[in-house]
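With mmCIF, C-alpha atoms inside, this is structure.cif:
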data_my_file
loop_
_atom_site.label_atom_id
_atom_site.label_comp_id
_atom_site.auth_asym_id
_atom_site.auth_seq_id
_atom_site.Cartn_x
_atom_site.Cartn_y
_atom_site.Cartn_z
CA MET A 1 2.17 119.30 75.52
CA GLU A 2 -0.33 116.55 74.73
CA ASN A 3 0.73 112.96 75.22
CA SER A 4 -0.12 111.32 71.88
CA SER A 5 0.23 107.82 73.33
CA TYR A 6 -2.56 108.46 75.84
CA ASN A 7 -5.93 107.19 74.70
CA PRO A 8 -8.69 109.46 76.10
CA TYR A 9 -11.37 106.83 75.48
CA VAL A 10 -12.28 104.16 77.99
CA THR A 11 -13.74 101.01 76.53
CA GLU A 12 -16.19 99.13 78.72
CA ARG A 13 -16.83 95.61 77.51
CA ILE A 14 -20.30 94.12 77.51
CA ARG A 15 -20.49 90.47 78.53
CA ARG A 16 -23.00 87.71 78.95
CA PHE A 17 -23.01 86.04 82.34
CA ASP A 18 -21.12 83.07 80.89
CA GLY A 19 -18.20 85.49 80.30
CA ARG A 20 -18.67 85.79 76.53
CA ILE A 21 -17.90 89.32 75.28
CA THR A 22 -20.69 90.64 73.05
CA GLY A 23 -19.65 94.25 72.52
CA ALA A 24 -18.10 97.42 73.84
CA CYS A 25 -19.31 100.80 75.00
CA TYR A 26 -17.08 103.81 74.64
CA SER A 27 -17.01 106.58 77.23
CA SER A 28 -16.83 109.24 74.51
CA PRO A 29 -18.66 109.49 71.21
CA LEU A 30 -16.80 107.79 68.39
CA ILE A 31 -18.42 109.94 65.76
CA ASN A 32 -16.02 112.20 63.96
CA SER A 33 -17.20 115.75 64.57
CA GLY A 34 -16.01 116.99 61.17
CA GLN A 35 -19.00 118.12 59.14
CA ASN A 36 -17.88 116.41 55.95
CA SER A 37 -16.88 113.15 57.57
CA HIS A 38 -19.05 110.08 57.61
CA ALA A 39 -16.65 107.92 59.61
CA SER A 40 -18.13 106.15 62.60
CA LEU A 41 -14.86 105.99 64.50
CA ASN A 42 -12.97 109.01 65.70
CA ASP A 43 -9.66 109.51 63.90
CA ARG A 44 -7.68 109.90 67.12
CA ASN A 45 -5.46 107.18 68.53
CA ILE A 46 -8.18 104.63 69.14
CA VAL A 47 -7.81 100.88 69.03
CA SER A 48 -9.67 99.31 66.13
CA LEU A 49 -12.66 97.24 67.12
CA HIS A 50 -11.27 94.45 64.94
CA ASN A 51 -8.28 94.23 67.29
CA GLN A 52 -10.54 93.91 70.32
CA PHE A 53 -13.03 91.33 69.10
CA PHE A 54 -12.84 88.26 66.94
CA ASP A 55 -16.52 88.59 66.07
CA GLU A 56 -17.20 91.44 63.64
CA THR A 57 -20.86 91.42 64.73
CA ALA A 58 -19.92 92.53 68.27
CA LEU A 59 -21.97 95.50 69.41
CA ILE A 60 -20.55 99.02 69.31
CA ILE A 61 -22.32 101.35 71.74
CA THR A 62 -21.51 105.04 71.48
CA PRO A 63 -23.10 107.88 73.47
CA LEU A 64 -24.88 110.72 71.71
CA GLN A 65 -25.59 114.06 73.34
CA GLY A 66 -25.26 117.79 72.79
CA ASN A 67 -24.15 118.94 69.34
CA ARG A 68 -23.72 115.42 67.99
CA LEU A 69 -27.27 114.48 68.92
CA THR A 70 -28.59 117.75 67.45
CA ASP A 71 -26.69 117.10 64.23
CA LEU A 72 -28.05 113.57 63.96
CA LEU A 73 -31.60 114.86 64.43
CA GLN A 74 -31.11 117.58 61.80
CA THR A 75 -29.15 115.60 59.21
CA PRO A 76 -29.60 111.86 59.80
CA GLU A 77 -28.50 111.13 56.23
CA ASN A 78 -24.94 112.11 57.27
CA TYR A 79 -24.88 109.21 59.73
CA SER A 80 -25.66 106.25 57.51
CA CYS A 81 -22.61 104.45 58.94
CA LEU A 82 -24.43 104.26 62.28
CA ARG A 83 -27.28 102.26 60.76
CA SER A 84 -25.18 99.11 60.91
CA ASP A 85 -26.80 96.13 62.61
CA ASN A 86 -24.17 96.11 65.34
CA VAL A 87 -24.17 99.85 66.24
CA ARG A 88 -26.23 101.16 69.16
CA LEU A 89 -26.62 104.85 69.95
CA ALA A 90 -26.73 105.53 73.68
CA ILE A 91 -28.96 108.38 74.81
CA ASN A 92 -29.95 109.56 78.24
CA TYR A 93 -33.40 110.23 79.63
CA GLU A 94 -33.03 114.00 79.20
CA ALA A 95 -32.50 113.53 75.45
CA LEU A 96 -35.58 111.30 75.32
CA GLN A 97 -37.65 113.94 77.13
CA GLN A 98 -36.45 116.79 74.93
CA ASN A 99 -36.45 115.01 71.56
CA GLY A 100 -38.79 112.05 71.97
CA PRO A 101 -40.86 112.38 68.75
CA ALA A 102 -37.80 113.18 66.59
CA LEU A 103 -35.82 110.28 68.07
CA LYS A 104 -38.77 107.93 67.65
CA SER A 105 -38.97 108.80 63.95
CA LEU A 106 -35.29 107.82 63.61
CA ALA A 107 -35.72 104.54 65.49
CA GLN A 108 -36.66 102.74 62.29
CA ASP A 109 -33.17 103.41 60.93
CA PHE A 110 -31.04 103.58 64.09
CA SER A 111 -30.91 101.42 67.23
CA PHE A 112 -31.04 103.28 70.54
CA TRP A 113 -30.06 102.23 74.05
CA LEU A 114 -31.06 104.16 77.16
CA TYR A 115 -28.41 104.93 79.79
CA ASP A 116 -29.52 106.52 83.10
CA VAL A 117 -32.93 105.05 83.89
CA ALA A 118 -32.93 106.44 87.43
CA THR A 119 -32.78 110.19 86.92
CA PRO A 120 -35.10 112.21 89.18
CA GLY A 121 -38.54 112.60 87.61
CA THR A 122 -38.20 109.60 85.29
CA GLN A 123 -41.55 108.43 83.98
CA TRP A 124 -41.37 104.71 83.20
CA ARG A 125 -44.21 104.86 80.63
CA ASN A 126 -42.10 107.22 78.46
CA ILE A 127 -39.30 104.66 78.46
CA GLU A 128 -41.63 101.76 77.69
CA ALA A 129 -43.26 103.70 74.82
CA PHE A 130 -39.94 104.24 73.02
CA PRO A 131 -38.58 101.39 70.87
CA PHE A 132 -35.28 100.99 72.69
CA SER A 133 -33.28 97.94 71.68
CA GLY A 134 -31.62 98.01 75.10
CA ILE A 135 -31.44 99.75 78.44
CA VAL A 136 -28.50 99.94 80.80
CA LEU A 137 -29.00 100.10 84.56
CA THR A 138 -26.42 101.64 86.86
CA HIS A 139 -25.28 99.49 89.76
CA VAL A 140 -26.60 102.17 92.16
CA PHE A 141 -30.10 101.99 90.66
CA PHE A 142 -29.97 98.21 90.55
CA ASN A 143 -28.80 97.83 94.16
CA GLU A 144 -31.50 100.20 95.41
CA ASN A 145 -34.33 98.53 93.48
CA TYR A 146 -33.74 94.86 92.68
CA LEU A 147 -35.30 93.58 95.90
CA LYS A 148 -38.49 95.54 95.30
CA PHE A 149 -41.44 93.44 94.20
CA SER A 150 -42.17 95.47 91.05
CA PHE A 151 -38.61 95.44 89.69
CA PRO A 152 -38.72 92.20 87.65
CA PHE A 153 -42.09 93.16 86.18
CA LEU A 154 -40.79 96.53 85.00
CA LEU A 155 -37.91 94.86 83.19
CA SER A 156 -39.94 91.97 81.79
CA SER A 157 -41.53 94.19 79.14
CA PHE A 158 -38.07 94.76 77.64
CA ARG A 159 -37.31 91.06 77.60
CA GLU A 160 -40.68 90.37 75.94
CA ARG A 161 -39.74 92.61 73.04
CA GLU A 162 -36.21 91.11 73.04
CA ALA A 163 -34.49 94.31 74.14
CA GLU A 164 -31.23 93.95 76.02
CA VAL A 165 -31.25 94.79 79.73
CA ILE A 166 -27.65 95.38 80.81
CA LEU A 167 -26.22 96.14 84.24
CA ARG A 168 -23.30 98.62 84.27
CA THR A 169 -21.25 97.70 87.31
CA PRO A 170 -17.61 97.26 88.36
CA THR A 171 -18.31 93.80 89.80
CA LEU A 172 -21.13 91.29 89.91
CA THR A 173 -22.59 90.58 93.35
CA LEU A 174 -25.36 88.06 92.60
CA THR A 175 -25.46 84.66 90.95
CA ASP A 176 -26.06 84.29 87.21
CA GLU A 177 -29.40 82.62 87.98
CA CYS A 178 -30.53 85.61 90.04
CA TYR A 179 -29.75 88.03 87.22
CA ALA A 180 -31.62 85.79 84.76
CA ARG A 181 -34.70 85.76 87.01
CA LEU A 182 -34.59 89.56 87.04
CA HIS A 183 -34.47 89.64 83.21
CA ILE A 184 -30.91 91.03 83.10
CA SER A 185 -29.26 89.78 79.90
CA GLY A 186 -25.66 90.86 80.51
CA TRP A 187 -23.34 93.33 82.17
CA GLN A 188 -21.11 96.21 81.18
CA GLU A 189 -17.83 96.18 83.02
CA GLN A 190 -17.69 99.70 84.51
CA ARG A 191 -14.10 100.95 84.41
CA THR A 192 -14.63 104.56 85.52
CA SER A 193 -16.44 106.04 88.50
CA SER A 194 -18.23 108.58 86.31
CA ASP A 195 -21.54 108.35 84.53
CA LEU A 196 -21.47 107.61 80.83
CA PHE A 197 -23.02 111.03 80.19
CA GLU A 198 -21.24 113.87 81.95
CA VAL A 199 -23.35 116.97 82.59
#
In structure tokens, how does this file's structure come out?
Amino acid sequence: MENSSYNPYVTERIRRFDGRITGACYSSPLINSGQNSHASLNDRNIVSLHNQFFDETALIITPLQGNRLTDLLQTPENYSCLRSDNVRLAINYEALQQNGPALKSLAQDFSFWLYDVATPGTQWRNIEAFPFSGIVLTHVFFNENYLKFSFPFLLSSFREREAEVILRTPTLTLTDECYARLHISGWQEQRTSSDLFEV
């Protein structure tokens, strides 16, 4: 028997380094999978964003993969609710590799964030060529690379085009000033040990 009071979605808040909450990322897609539905939030027992944030412009980041990503690519007109200024669609590098031109054509209407920069075989030029409005670094990738000389220069191109560079981590280990020097604009409070995209 399913426990109806259990919420299967984990919300990870996105904060600036001054502690201000600027949005939330959900661990599961919030797009209703019904073909005739245009709702951006799943109809299960999920807490309304208005109850979580006082600011209605707070970012909503929702992952897209598999059938939902395919459906968006085939029928983007069914997803007009995701064109809102505060909605970001999270994709992984595999989706970028497989659907780059199609996703790029949708980037005029939808805002995309990249989650999982450090997958094996990642080509940085493919990431830089796509008009992401944000990228999210895992704490593992960050910890392995932030001391390398080239790291701030790689991220500076995103800051130059005013894209968000977010660190997804359970805890912060450096000072705010250090993150600012590295062009990190905020952090996503990781509440699960899993990746955002499960294979």
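With distances taken over all atoms listed in the file, A:Val165 is the one residue among A:Ile21, A:Ile135, A:Val165, A:Ala95 lying closest to Ser185 in chain A.
Between CA of Phe110 in chain A and CA of Arg83 in chain A the separation is 5.2 Å.
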Please provide the set of residues having any atom within 10 Å of range 99-105 of chain A, restricted to only C-alpha atoms, with same-chain residues fewer than 3 positions apart removed, written as an NGL selection string.
-> :A and (69-70 or 72-74 or 91 or 93-96 or 108-110 or 112 or 126-127 or 129-132)
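For Gly186 in chain A, the set of protein, DNA and RNA residues having any atom at most 8 Å away, when counting all atoms listed in the file and skipping those fewer than 2 positions along the same chain, is Ile14, Arg15, Arg16, Phe17, Glu164, Val165, Ile166, Leu167, Ile184 and Gln188 of chain A.
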From the list A:Asn67, A:Thr192, A:Thr138, A:Ser157, which residue is nearest Tyr115 in chain A when using all atoms listed in the file?
-> A:Thr138
Counting all atoms listed in the file, find the residues whose atoms lie at most 10 Å from (-26.8, 101.2, 83.0) (file coordinates) and write them out as an NGL selection string.
-> :A and (113-118 or 134-142 or 165-169 or 187-188 or 190 or 195-196)
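You will find CA of Tyr26 in chain A at 24.1 Å from CA of Arg159 in chain A.
CA of Ser111 in chain A is found 14.4 Å from CA of Gly23 in chain A.
Nearest residue to Leu174 in chain A, choosing from A:Asn143, A:Glu160, A:Arg125, A:Leu155 and counting all atoms listed in the file: A:Asn143.
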